[in-house]
Each structure stands twice: as structure tokens, then as C-alpha cells.
Amino acid sequence: MKPMGPLPPAFAHQQGALTIAGADAAALVAEHGSPLFVYDLSAVAAQVARFRAAMPAAIGLHYAIKANPFAPLLAAMAPLVDGLDVASGGELERALAVKPAAAVSFAGPGKRDDELAAAIAAGATLNIESAGEARRALALGERLGIAPRAAVRVNPDLELRGSGMKMGGRASPFGIDAEEAAAVVRALIAGGATWRGFHIFAGSQALDAGALIETQAATLALAARLADAVGAAPPLVNLGGGFGVPYFAGDVALDVERVGAALAESLARRADVLAESGFALELGRWLVAEAGVYLTRVVDRKVSRGETFLVVDGGLHHQLAASGNFGTVVRRNYPLAVAGRMGAAGEEEVSVVGCLCTPLDRLGDRVLLPRAAEGDVIAVFLAGAYGLTASPSAFLGHPAPAEVVVG
């Protein structure tokens, strides 16, 4: 038997039928079909409220919509946050549909000229990833007769300890190396761009509050050094994000309140050059992961060489991360449940496998669950971030799952 991650707090003490924001999971599947993603908007709002209570008032909140760009969720999120961060022309369109351009920023390497032009024309902020991108943005702005709004994304000379994905302290396609960043800022200003500040992202999926505190303090110090080198104060310093969620056995939830208290102290001690700067944190999964549940029905139950398999009508084409094929080195189990038997004791060791013709399609590897039969619904938790849009949904031509919001 292999352990599963902890159930999110909203579901940890449920008994009997699974409910999501008070809605019965089985009834949702009956109405919308299976497989089905369900997102609890009240849970998202509660995370935003927790962030606001924990962080100093000077810290703005940006939502990185790559975590989940589902239109109804994005529309609900837009009035709750101070900015939306996008990473493609398609995401830019979605963001501009729900938020003013001045509150939208566009990061990511390899932006095409048409994407740069769309952002410049709309008035969104470009997070510039290279000296070449800076030159292209200035040329496009001159052609359009519009001064680009441009921040510089910095590849920092530090990394976030213990992060699931390190984004700094090494050679990287993301951002401009810290030692070159000031020169690019000066070139942007000289070229007529409206400089919007720095974007400094050192890593993601961190559960260690101490590591985040250390990184945020170092990021503020780096921003001050760069501002001194530029000779001007940055209007905004995006301190990145990195807030993780507990996916796997042994994971402990991040102490966000401790992070916020330490950040308040760091801001109080910040260098004079940053005295008038604004600050923001850019979060994705921490805001939405626990709000999502993926529901998939058992279509077959079989035993092969003594091992029991529950074959479901979903799989990695919708939930690549839960299958262990989205960046994890060692495959570990997300929290799963039989949706009609929440809180029931485990009765059998089973593997929950999807409908795709590949052995990679495994949502639960030898987990202990209450007995499930054909027609029962399996719930995969922490499905609100990097679910459907981070998965190979076209693989093998299966139909797309439904997505709904509740709460």
C-alpha cells in the first residue's frame, strides 16, 4: 500500500456523500456528466481573505491565471485581486475580458511579435525576459505610436530553498540575469518605454515558511541594488509567489501568517530607494488548488495477478499532475476518495487507473480505499490548479470533461 496526500480541510471531516460548497457530488455528476471538474468559489474567496489578513497592507495580490483560466472562475477572481498575470496571447485576451489592462502583466519567454503588439496596444505591462525582447518591444511601440509599459523580469542570483520548481540562481530561459537587468532597464527608459518595475520569481510550490521568508528578504535587497544601479525607483516590485499546497503524504500546510508577519518586518526595513515602490505577490495554485475536485466514474473493476484495478472514465488527459507526470521526480499519490463513502475506513488496496491506452494513466497507485463498484464516483482533490489546461486533453480523442463552479 502507498500513502495518499492529506484531504484539504474543507473535506477532511466529511462523512457519507461528498459535498462541494454544499452541492452533492453525485448530483453534480448526474447533471453535468463524468468526468467533471468542480470549483468552489467560496473556497477561493476564503483563500484571498486569508491572504489579505496575513499580509501587510502594502502587498498587492496578483493571480497567475495559468493555474486555472476557466472563464467563470476567472470572472469571480478578477474583483478579488489587484492584478492578473498571464503567459500567452490567449491568456491576455481572457484577462482583458475581466480586468483593466493596467492591472494585467504578461510574462514568459518567446513572446511573439503579435503578442507583444497586442499587449502594447491594450496597455498591459510586459515583463521583459531578454535584451532582445526589449528591443522588439521598443520597435513595435514606435511602429504603433504607443510607449510600451514594461517591467523587467529578473533571473535572480538566488533560489527558493525547498521549492518544487526552482526559477532562480542558475542559467535560465526565464528573465534577465540579475547582473544584466539594470542595463536593460536603462535601455527601455532611454527608448521611451514606461518602466513599470521588476518581476523577481525565485521558485514555486514551497511549504517551508522559513525558506520563503529568507527569499523574500533577499528579493527586496536585490530589488534595491538593481534600483540603485538603474538610478530610479521601481514603481512596482513583483516579489514572485512560491506558496505551496500539501499534495502528498507528509506535506504540512504553509504557515502563511508567519510569512506575512516576516514580510511586514522586511518591508519596514527596506532600502530608501524602495520607499515609494509598490509591492505584489503573484500566486496561482495556493489560491485555487484546494477549491477544485475532479470527479470520475468507475467503469470497470478488475483483478489482474492479484492486484485490483478501478478503471475510471477520466485520467491523465485531464489530470496529468495527479498521475505523477507533471514535473514530479518520484510518483506520489494525490488525496483520493470514494465520493459516496467519505470518512469510511479503507477496505482494500486498489490502483485507480484511467481510460487511456498507456500504463502512465494511473491516478492512484495501490491506495487504500473503501470498496468501490462500477458506477461509483472517485474524487481527486487539489484539482483546482494545473488540471485540465495543464494536461494533454487531445490525446486519444476522448471527449472533454465538463467544468462547473459552485459556491
# chains A, B, ... in the order shown; residues from 1 in each chain; ligands from 1

$ select_by_dssp --residues "range 186-364 of chain A" --states "strand (DSSP E or B)" --output "ChimeraX atom specification"
/A:194-200,203-204,206,236-238,243,278-283,292-304,307-312,333,336-338,342,348-353,362-364

$ residues_around --residues "Glu93 in chain A" --least-positions-apart "3" --cutoff "12 Å" --atoms "only C-alpha atoms" --output "JSON, numbers by chain"
{"A": [65, 69, 71, 74, 84, 85, 86, 87, 88, 89, 90, 96, 97, 98, 99, 100, 101, 104, 105, 106, 115, 118, 119, 122, 124]}

$ residues_around --residues "range 136-141 of chain A" --least-positions-apart "6" --cutoff "9 Å" --atoms "only C-alpha atoms" --output "PyMOL selection string"
chain A and resi 113+116-117+120-121+126+128+147-148+150+188+191-193

$ write_last_selection --atoms "all heavy atoms" --output "PDB file, in the first residue's frame"
ATOM      1  N   ASP A 113       5.837  38.565 -31.836  1.00  0.00           N
ATOM      2  CA  ASP A 113       5.615  39.984 -32.100  1.00  0.00           C
ATOM      3  C   ASP A 113       4.144  40.349 -32.010  1.00  0.00           C
ATOM      4  O   ASP A 113       3.791  41.436 -31.520  1.00  0.00           O
ATOM      5  CB  ASP A 113       6.162  40.369 -33.477  1.00  0.00           C
ATOM      6  CG  ASP A 113       7.675  40.567 -33.478  1.00  0.00           C
ATOM      7  OD1 ASP A 113       8.297  40.423 -32.403  1.00  0.00           O
ATOM      8  OD2 ASP A 113       8.229  40.856 -34.550  1.00  0.00           O
ATOM      9  N   LEU A 116       3.351  40.692 -28.323  1.00  0.00           N
ATOM     10  CA  LEU A 116       3.900  41.938 -27.795  1.00  0.00           C
ATOM     11  C   LEU A 116       3.062  43.129 -28.243  1.00  0.00           C
ATOM     12  O   LEU A 116       2.734  44.019 -27.443  1.00  0.00           O
ATOM     13  CB  LEU A 116       5.343  42.114 -28.259  1.00  0.00           C
ATOM     14  CG  LEU A 116       6.387  41.128 -27.723  1.00  0.00           C
ATOM     15  CD1 LEU A 116       7.718  41.329 -28.443  1.00  0.00           C
ATOM     16  CD2 LEU A 116       6.566  41.302 -26.218  1.00  0.00           C
ATOM     17  N   ALA A 117       2.706  43.143 -29.523  1.00  0.00           N
ATOM     18  CA  ALA A 117       1.925  44.259 -30.062  1.00  0.00           C
ATOM     19  C   ALA A 117       0.554  44.338 -29.403  1.00  0.00           C
ATOM     20  O   ALA A 117       0.060  45.439 -29.102  1.00  0.00           O
ATOM     21  CB  ALA A 117       1.784  44.115 -31.574  1.00  0.00           C
ATOM     22  N   ILE A 120       1.012  45.822 -25.937  1.00  0.00           N
ATOM     23  CA  ILE A 120       1.335  47.252 -26.020  1.00  0.00           C
ATOM     24  C   ILE A 120       0.091  48.055 -26.389  1.00  0.00           C
ATOM     25  O   ILE A 120      -0.212  49.087 -25.778  1.00  0.00           O
ATOM     26  CB  ILE A 120       2.462  47.479 -27.043  1.00  0.00           C
ATOM     27  CG1 ILE A 120       3.769  46.866 -26.544  1.00  0.00           C
ATOM     28  CG2 ILE A 120       2.649  48.970 -27.321  1.00  0.00           C
ATOM     29  CD1 ILE A 120       4.856  46.770 -27.602  1.00  0.00           C
ATOM     30  N   ALA A 121      -0.643  47.575 -27.379  1.00  0.00           N
ATOM     31  CA  ALA A 121      -1.838  48.297 -27.825  1.00  0.00           C
ATOM     32  C   ALA A 121      -2.887  48.377 -26.726  1.00  0.00           C
ATOM     33  O   ALA A 121      -3.585  49.386 -26.583  1.00  0.00           O
ATOM     34  CB  ALA A 121      -2.418  47.620 -29.065  1.00  0.00           C
ATOM     35  N   LEU A 126       4.342  44.531 -20.029  1.00  0.00           N
ATOM     36  CA  LEU A 126       5.178  43.430 -20.492  1.00  0.00           C
ATOM     37  C   LEU A 126       6.268  43.169 -19.466  1.00  0.00           C
ATOM     38  O   LEU A 126       7.012  44.087 -19.104  1.00  0.00           O
ATOM     39  CB  LEU A 126       5.822  43.769 -21.837  1.00  0.00           C
ATOM     40  CG  LEU A 126       4.902  43.835 -23.051  1.00  0.00           C
ATOM     41  CD1 LEU A 126       5.631  44.483 -24.225  1.00  0.00           C
ATOM     42  CD2 LEU A 126       4.426  42.431 -23.420  1.00  0.00           C
ATOM     43  N   ILE A 128       9.564  41.923 -19.399  1.00  0.00           N
ATOM     44  CA  ILE A 128      10.570  41.678 -20.422  1.00  0.00           C
ATOM     45  C   ILE A 128      11.535  40.585 -19.958  1.00  0.00           C
ATOM     46  O   ILE A 128      12.076  40.643 -18.856  1.00  0.00           O
ATOM     47  CB  ILE A 128      11.339  42.974 -20.727  1.00  0.00           C
ATOM     48  CG1 ILE A 128      10.384  44.047 -21.285  1.00  0.00           C
ATOM     49  CG2 ILE A 128      12.492  42.721 -21.694  1.00  0.00           C
ATOM     50  CD1 ILE A 128       9.762  43.715 -22.613  1.00  0.00           C
ATOM     51  N   ALA A 147       3.900  54.082 -26.245  1.00  0.00           N
ATOM     52  CA  ALA A 147       5.018  53.732 -25.373  1.00  0.00           C
ATOM     53  C   ALA A 147       4.704  52.435 -24.642  1.00  0.00           C
ATOM     54  O   ALA A 147       3.694  52.351 -23.923  1.00  0.00           O
ATOM     55  CB  ALA A 147       5.265  54.844 -24.362  1.00  0.00           C
ATOM     56  N   PRO A 148       5.510  51.404 -24.798  1.00  0.00           N
ATOM     57  CA  PRO A 148       5.225  50.145 -24.089  1.00  0.00           C
ATOM     58  C   PRO A 148       5.328  50.334 -22.573  1.00  0.00           C
ATOM     59  O   PRO A 148       6.198  51.058 -22.082  1.00  0.00           O
ATOM     60  CB  PRO A 148       6.334  49.201 -24.575  1.00  0.00           C
ATOM     61  CG  PRO A 148       6.885  49.816 -25.809  1.00  0.00           C
ATOM     62  CD  PRO A 148       6.712  51.296 -25.646  1.00  0.00           C
ATOM     63  N   ALA A 150       6.561  48.500 -19.557  1.00  0.00           N
ATOM     64  CA  ALA A 150       7.494  47.382 -19.479  1.00  0.00           C
ATOM     65  C   ALA A 150       8.136  47.293 -18.102  1.00  0.00           C
ATOM     66  O   ALA A 150       8.686  48.269 -17.594  1.00  0.00           O
ATOM     67  CB  ALA A 150       8.587  47.525 -20.538  1.00  0.00           C
ATOM     68  N   LEU A 188      15.437  50.473 -21.868  1.00  0.00           N
ATOM     69  CA  LEU A 188      13.987  50.639 -22.038  1.00  0.00           C
ATOM     70  C   LEU A 188      13.579  52.089 -21.777  1.00  0.00           C
ATOM     71  O   LEU A 188      12.806  52.679 -22.546  1.00  0.00           O
ATOM     72  CB  LEU A 188      13.236  49.701 -21.085  1.00  0.00           C
ATOM     73  CG  LEU A 188      13.193  48.225 -21.471  1.00  0.00           C
ATOM     74  CD1 LEU A 188      12.735  47.373 -20.293  1.00  0.00           C
ATOM     75  CD2 LEU A 188      12.266  48.012 -22.669  1.00  0.00           C
ATOM     76  N   GLY A 191      14.704  54.296 -24.501  1.00  0.00           N
ATOM     77  CA  GLY A 191      13.951  54.047 -25.730  1.00  0.00           C
ATOM     78  C   GLY A 191      12.520  54.540 -25.688  1.00  0.00           C
ATOM     79  O   GLY A 191      11.773  54.366 -26.661  1.00  0.00           O
ATOM     80  N   GLY A 192      12.100  55.106 -24.566  1.00  0.00           N
ATOM     81  CA  GLY A 192      10.773  55.700 -24.477  1.00  0.00           C
ATOM     82  C   GLY A 192       9.728  54.845 -23.805  1.00  0.00           C
ATOM     83  O   GLY A 192       8.554  55.228 -23.738  1.00  0.00           O
ATOM     84  N   ALA A 193      10.115  53.686 -23.288  1.00  0.00           N
ATOM     85  CA  ALA A 193       9.139  52.838 -22.595  1.00  0.00           C
ATOM     86  C   ALA A 193       8.761  53.449 -21.252  1.00  0.00           C
ATOM     87  O   ALA A 193       9.533  54.208 -20.654  1.00  0.00           O
ATOM     88  CB  ALA A 193       9.712  51.438 -22.392  1.00  0.00           C
TER      89      ALA A 193
END

$ closest_residue --among "A:Pro9, A:Pro399, A:Gly244, A:Gly375" --to "Gly315 in chain A" --atoms "only C-alpha atoms"
A:Pro399

$ residues_around --residues "Pro234 in chain A" --least-positions-apart "2" --cutoff "10 Å" --atoms "only C-alpha atoms" --output "number ranges by chain"
A: 151, 185, 195-198, 223-224, 226-228, 230-232, 236-237, 273-279

$ closest_residue --among "A:Leu368, A:Ala345, A:Leu61, A:Ala211" --to "Ala49 in chain A" --atoms "only C-alpha atoms"
A:Leu61

$ select_by_dssp --residues "range 12-104 of chain A" --states "alpha helix (DSSP H)" --output "PyMOL selection string"
chain A and resi 25-32+41-54+71-77+89-96

$ closest_atom_pairs --of "range 33-143 of chain A" --to "range 289-296 of chain A" --cutoff "7 Å" --atoms "only C-alpha atoms" --output "JSON lines"
{"residue": "A:Ser34", "atom": "CA", "partner": "A:Thr296", "partner_atom": "CA", "distance": 5.5}
{"residue": "A:Pro35", "atom": "CA", "partner": "A:Thr296", "partner_atom": "CA", "distance": 4.5}
{"residue": "A:Leu36", "atom": "CA", "partner": "A:Leu295", "partner_atom": "CA", "distance": 5.1}
{"residue": "A:Phe37", "atom": "CA", "partner": "A:Tyr294", "partner_atom": "CA", "distance": 4.6}
{"residue": "A:Val38", "atom": "CA", "partner": "A:Val293", "partner_atom": "CA", "distance": 5.3}
{"residue": "A:Tyr39", "atom": "CA", "partner": "A:Gly292", "partner_atom": "CA", "distance": 4.4}
{"residue": "A:Asp40", "atom": "CA", "partner": "A:Ala291", "partner_atom": "CA", "distance": 5.0}
{"residue": "A:Ala43", "atom": "CA", "partner": "A:Ala291", "partner_atom": "CA", "distance": 5.4}
{"residue": "A:Val44", "atom": "CA", "partner": "A:Ala291", "partner_atom": "CA", "distance": 6.1}

$ residues_around --residues "Leu41 in chain A" --least-positions-apart "4" --cutoff "8 Å" --atoms "only C-alpha atoms" --output "list of chain:residue names"
A:Ala45, A:Leu73, A:Ala76, A:Ala291, A:Val405, A:Val406, A:Gly407

$ write_last_selection --atoms "C-alpha atoms" --output "PDB file, in the first residue's frame"
ATOM      1  CA  ALA A  45     -12.701  33.786  -1.760  1.00  0.00           C
ATOM      2  CA  LEU A  73     -13.647  31.175 -12.123  1.00  0.00           C
ATOM      3  CA  ALA A  76     -15.138  35.593  -9.979  1.00  0.00           C
ATOM      4  CA  ALA A 291     -11.029  24.658  -4.320  1.00  0.00           C
ATOM      5  CA  VAL A 405     -18.361  26.441 -10.451  1.00  0.00           C
ATOM      6  CA  VAL A 406     -20.331  26.212  -7.207  1.00  0.00           C
ATOM      7  CA  GLY A 407     -20.439  28.259  -4.035  1.00  0.00           C
TER       8      GLY A 407
END

$ closest_residue --among "A:Leu336, A:Val288, A:Ala249, A:Leu396" --to "Pro3 in chain A" --atoms "only C-alpha atoms"
A:Ala249

$ residues_around --residues "Glu348 in chain A" --least-positions-apart "2" --cutoff "7 Å" --atoms "only C-alpha atoms" --output "PyMOL selection string"
chain A and resi 346+350+368-371

$ residues_around --residues "Val252 in chain A" --least-positions-apart "3" --cutoff "9 Å" --atoms "only C-alpha atoms" --output "number ranges by chain"
A: 6, 207-208, 245-246, 248-249, 255

$ write_last_selection --atoms "N, CA, C and O atoms" --output "mmCIF file, in the first residue's frame"
data_model
loop_
_atom_site.group_PDB
_atom_site.id
_atom_site.type_symbol
_atom_site.label_atom_id
_atom_site.label_comp_id
_atom_site.auth_asym_id
_atom_site.auth_seq_id
_atom_site.Cartn_x
_atom_site.Cartn_y
_atom_site.Cartn_z
ATOM 1 N N PRO A 6 -2.853 14.460 2.189
ATOM 2 C CA PRO A 6 -3.943 14.812 3.094
ATOM 3 C C PRO A 6 -5.122 15.450 2.365
ATOM 4 O O PRO A 6 -4.933 16.231 1.427
ATOM 5 N N LEU A 207 6.612 24.888 0.809
ATOM 6 C CA LEU A 207 5.832 24.724 2.039
ATOM 7 C C LEU A 207 6.613 25.186 3.270
ATOM 8 O O LEU A 207 6.066 25.205 4.374
ATOM 9 N N ASP A 208 7.870 25.551 3.077
ATOM 10 C CA ASP A 208 8.748 25.954 4.160
ATOM 11 C C ASP A 208 8.663 27.466 4.355
ATOM 12 O O ASP A 208 9.183 28.238 3.545
ATOM 13 N N VAL A 245 1.013 24.072 -1.719
ATOM 14 C CA VAL A 245 -0.105 23.390 -1.062
ATOM 15 C C VAL A 245 0.317 21.947 -0.794
ATOM 16 O O VAL A 245 1.137 21.383 -1.515
ATOM 17 N N PRO A 246 -0.242 21.313 0.249
ATOM 18 C CA PRO A 246 0.172 19.956 0.610
ATOM 19 C C PRO A 246 -0.515 18.893 -0.260
ATOM 20 O O PRO A 246 -1.664 18.531 -0.026
ATOM 21 N N PHE A 248 0.985 15.723 -0.943
ATOM 22 C CA PHE A 248 1.438 14.358 -0.725
ATOM 23 C C PHE A 248 1.550 14.028 0.760
ATOM 24 O O PHE A 248 1.622 14.922 1.612
ATOM 25 N N ALA A 249 1.591 12.723 1.045
ATOM 26 C CA ALA A 249 1.746 12.267 2.426
ATOM 27 C C ALA A 249 2.986 12.899 3.045
ATOM 28 O O ALA A 249 4.051 12.936 2.438
ATOM 29 N N ASP A 255 2.669 27.943 6.629
ATOM 30 C CA ASP A 255 2.256 28.906 7.643
ATOM 31 C C ASP A 255 2.284 30.313 7.014
ATOM 32 O O ASP A 255 3.277 31.033 7.094
#

$ decode --residues "range 74-109 of chain A" --atoms "N, CA, C and O atoms" --output "mmCIF file, in the first residue's frame"
data_model
loop_
_atom_site.group_PDB
_atom_site.id
_atom_site.type_symbol
_atom_site.label_atom_id
_atom_site.label_comp_id
_atom_site.auth_asym_id
_atom_site.auth_seq_id
_atom_site.Cartn_x
_atom_site.Cartn_y
_atom_site.Cartn_z
ATOM 1 N N LEU A 74 -12.337 32.743 -13.430
ATOM 2 C CA LEU A 74 -11.556 33.958 -13.642
ATOM 3 C C LEU A 74 -12.409 35.200 -13.414
ATOM 4 O O LEU A 74 -11.956 36.179 -12.814
ATOM 5 N N ALA A 75 -13.649 35.166 -13.871
ATOM 6 C CA ALA A 75 -14.547 36.301 -13.669
ATOM 7 C C ALA A 75 -14.816 36.535 -12.189
ATOM 8 O O ALA A 75 -14.910 37.683 -11.733
ATOM 9 N N ALA A 76 -14.924 35.454 -11.420
ATOM 10 C CA ALA A 76 -15.138 35.593 -9.979
ATOM 11 C C ALA A 76 -13.879 36.068 -9.276
ATOM 12 O O ALA A 76 -13.942 36.806 -8.287
ATOM 13 N N MET A 77 -12.730 35.656 -9.774
ATOM 14 C CA MET A 77 -11.460 36.029 -9.165
ATOM 15 C C MET A 77 -11.102 37.500 -9.410
ATOM 16 O O MET A 77 -10.530 38.167 -8.537
ATOM 17 N N ALA A 78 -11.433 38.017 -10.588
ATOM 18 C CA ALA A 78 -10.962 39.341 -11.004
ATOM 19 C C ALA A 78 -11.229 40.443 -9.982
ATOM 20 O O ALA A 78 -10.323 41.232 -9.681
ATOM 21 N N PRO A 79 -12.436 40.570 -9.419
ATOM 22 C CA PRO A 79 -12.641 41.666 -8.462
ATOM 23 C C PRO A 79 -11.977 41.433 -7.107
ATOM 24 O O PRO A 79 -11.897 42.365 -6.306
ATOM 25 N N LEU A 80 -11.502 40.226 -6.850
ATOM 26 C CA LEU A 80 -10.903 39.906 -5.561
ATOM 27 C C LEU A 80 -9.421 40.207 -5.502
ATOM 28 O O LEU A 80 -8.850 40.316 -4.410
ATOM 29 N N VAL A 81 -8.771 40.331 -6.664
ATOM 30 C CA VAL A 81 -7.319 40.502 -6.705
ATOM 31 C C VAL A 81 -6.963 41.843 -7.331
ATOM 32 O O VAL A 81 -7.783 42.494 -7.970
ATOM 33 N N ASP A 82 -5.701 42.220 -7.156
ATOM 34 C CA ASP A 82 -5.247 43.519 -7.647
ATOM 35 C C ASP A 82 -4.697 43.452 -9.068
ATOM 36 O O ASP A 82 -4.597 44.492 -9.738
ATOM 37 N N GLY A 83 -4.324 42.270 -9.506
ATOM 38 C CA GLY A 83 -3.773 42.132 -10.840
ATOM 39 C C GLY A 83 -3.897 40.714 -11.340
ATOM 40 O O GLY A 83 -4.114 39.772 -10.562
ATOM 41 N N LEU A 84 -3.790 40.560 -12.655
ATOM 42 C CA LEU A 84 -3.781 39.247 -13.298
ATOM 43 C C LEU A 84 -2.488 39.116 -14.080
ATOM 44 O O LEU A 84 -2.114 40.019 -14.830
ATOM 45 N N ASP A 85 -1.810 37.997 -13.900
ATOM 46 C CA ASP A 85 -0.564 37.736 -14.613
ATOM 47 C C ASP A 85 -0.799 36.648 -15.640
ATOM 48 O O ASP A 85 -1.344 35.578 -15.320
ATOM 49 N N VAL A 86 -0.389 36.903 -16.875
ATOM 50 C CA VAL A 86 -0.648 35.994 -17.984
ATOM 51 C C VAL A 86 0.663 35.572 -18.616
ATOM 52 O O VAL A 86 1.714 36.173 -18.393
ATOM 53 N N ALA A 87 0.595 34.526 -19.446
ATOM 54 C CA ALA A 87 1.807 33.991 -20.056
ATOM 55 C C ALA A 87 1.617 33.621 -21.518
ATOM 56 O O ALA A 87 2.384 32.829 -22.061
ATOM 57 N N SER A 88 0.590 34.174 -22.166
ATOM 58 C CA SER A 88 0.381 33.952 -23.599
ATOM 59 C C SER A 88 -0.607 34.976 -24.111
ATOM 60 O O SER A 88 -1.316 35.636 -23.331
ATOM 61 N N GLY A 89 -0.692 35.081 -25.444
ATOM 62 C CA GLY A 89 -1.683 35.963 -26.029
ATOM 63 C C GLY A 89 -3.100 35.528 -25.708
ATOM 64 O O GLY A 89 -3.990 36.361 -25.503
ATOM 65 N N GLY A 90 -3.328 34.214 -25.654
ATOM 66 C CA GLY A 90 -4.652 33.708 -25.309
ATOM 67 C C GLY A 90 -5.048 34.070 -23.893
ATOM 68 O O GLY A 90 -6.189 34.487 -23.638
ATOM 69 N N GLU A 91 -4.113 33.909 -22.956
ATOM 70 C CA GLU A 91 -4.402 34.314 -21.582
ATOM 71 C C GLU A 91 -4.593 35.821 -21.479
ATOM 72 O O GLU A 91 -5.417 36.297 -20.688
ATOM 73 N N LEU A 92 -3.851 36.573 -22.289
ATOM 74 C CA LEU A 92 -4.025 38.026 -22.297
ATOM 75 C C LEU A 92 -5.458 38.392 -22.655
ATOM 76 O O LEU A 92 -6.079 39.246 -21.999
ATOM 77 N N GLU A 93 -6.011 37.765 -23.679
ATOM 78 C CA GLU A 93 -7.394 38.040 -24.079
ATOM 79 C C GLU A 93 -8.358 37.733 -22.938
ATOM 80 O O GLU A 93 -9.290 38.505 -22.671
ATOM 81 N N ARG A 94 -8.147 36.603 -22.268
ATOM 82 C CA ARG A 94 -9.036 36.229 -21.162
ATOM 83 C C ARG A 94 -8.945 37.242 -20.023
ATOM 84 O O ARG A 94 -9.953 37.612 -19.415
ATOM 85 N N ALA A 95 -7.719 37.673 -19.727
ATOM 86 C CA ALA A 95 -7.543 38.630 -18.635
ATOM 87 C C ALA A 95 -8.183 39.971 -18.957
ATOM 88 O O ALA A 95 -8.841 40.585 -18.107
ATOM 89 N N LEU A 96 -7.992 40.458 -20.188
ATOM 90 C CA LEU A 96 -8.533 41.763 -20.567
ATOM 91 C C LEU A 96 -10.054 41.763 -20.603
ATOM 92 O O LEU A 96 -10.680 42.826 -20.529
ATOM 93 N N ALA A 97 -10.651 40.581 -20.697
ATOM 94 C CA ALA A 97 -12.113 40.497 -20.685
ATOM 95 C C ALA A 97 -12.695 40.766 -19.302
ATOM 96 O O ALA A 97 -13.878 41.092 -19.180
ATOM 97 N N VAL A 98 -11.852 40.655 -18.240
ATOM 98 C CA VAL A 98 -12.384 40.791 -16.885
ATOM 99 C C VAL A 98 -11.641 41.804 -16.027
ATOM 100 O O VAL A 98 -12.064 42.079 -14.903
ATOM 101 N N LYS A 99 -10.540 42.387 -16.543
ATOM 102 C CA LYS A 99 -9.729 43.284 -15.727
ATOM 103 C C LYS A 99 -9.165 44.382 -16.619
ATOM 104 O O LYS A 99 -8.788 44.127 -17.767
ATOM 105 N N PRO A 100 -9.057 45.620 -16.130
ATOM 106 C CA PRO A 100 -8.444 46.681 -16.936
ATOM 107 C C PRO A 100 -7.001 46.337 -17.287
ATOM 108 O O PRO A 100 -6.280 45.689 -16.521
ATOM 109 N N ALA A 101 -6.561 46.792 -18.448
ATOM 110 C CA ALA A 101 -5.228 46.463 -18.937
ATOM 111 C C ALA A 101 -4.137 46.894 -17.968
ATOM 112 O O ALA A 101 -3.098 46.227 -17.851
ATOM 113 N N ALA A 102 -4.338 47.993 -17.271
ATOM 114 C CA ALA A 102 -3.321 48.478 -16.343
ATOM 115 C C ALA A 102 -3.066 47.505 -15.203
ATOM 116 O O ALA A 102 -2.032 47.593 -14.531
ATOM 117 N N ALA A 103 -3.983 46.572 -14.989
ATOM 118 C CA ALA A 103 -3.831 45.579 -13.915
ATOM 119 C C ALA A 103 -3.392 44.221 -14.461
ATOM 120 O O ALA A 103 -3.440 43.228 -13.729
ATOM 121 N N VAL A 104 -2.972 44.176 -15.718
ATOM 122 C CA VAL A 104 -2.580 42.916 -16.348
ATOM 123 C C VAL A 104 -1.103 42.975 -16.706
ATOM 124 O O VAL A 104 -0.631 43.975 -17.276
ATOM 125 N N SER A 105 -0.370 41.918 -16.397
ATOM 126 C CA SER A 105 1.038 41.825 -16.784
ATOM 127 C C SER A 105 1.266 40.517 -17.530
ATOM 128 O O SER A 105 0.602 39.515 -17.274
ATOM 129 N N PHE A 106 2.227 40.545 -18.447
ATOM 130 C CA PHE A 106 2.439 39.457 -19.406
ATOM 131 C C PHE A 106 3.887 39.001 -19.296
ATOM 132 O O PHE A 106 4.810 39.715 -19.685
ATOM 133 N N ALA A 107 4.087 37.807 -18.735
ATOM 134 C CA ALA A 107 5.424 37.225 -18.589
ATOM 135 C C ALA A 107 5.566 36.022 -19.505
ATOM 136 O O ALA A 107 4.604 35.575 -20.133
ATOM 137 N N GLY A 108 6.789 35.499 -19.568
ATOM 138 C CA GLY A 108 7.054 34.290 -20.336
ATOM 139 C C GLY A 108 8.033 34.514 -21.460
ATOM 140 O O GLY A 108 8.001 35.561 -22.121
ATOM 141 N N PRO A 109 8.933 33.561 -21.674
ATOM 142 C CA PRO A 109 9.894 33.701 -22.774
ATOM 143 C C PRO A 109 9.229 33.439 -24.114
ATOM 144 O O PRO A 109 8.160 32.811 -24.187
#
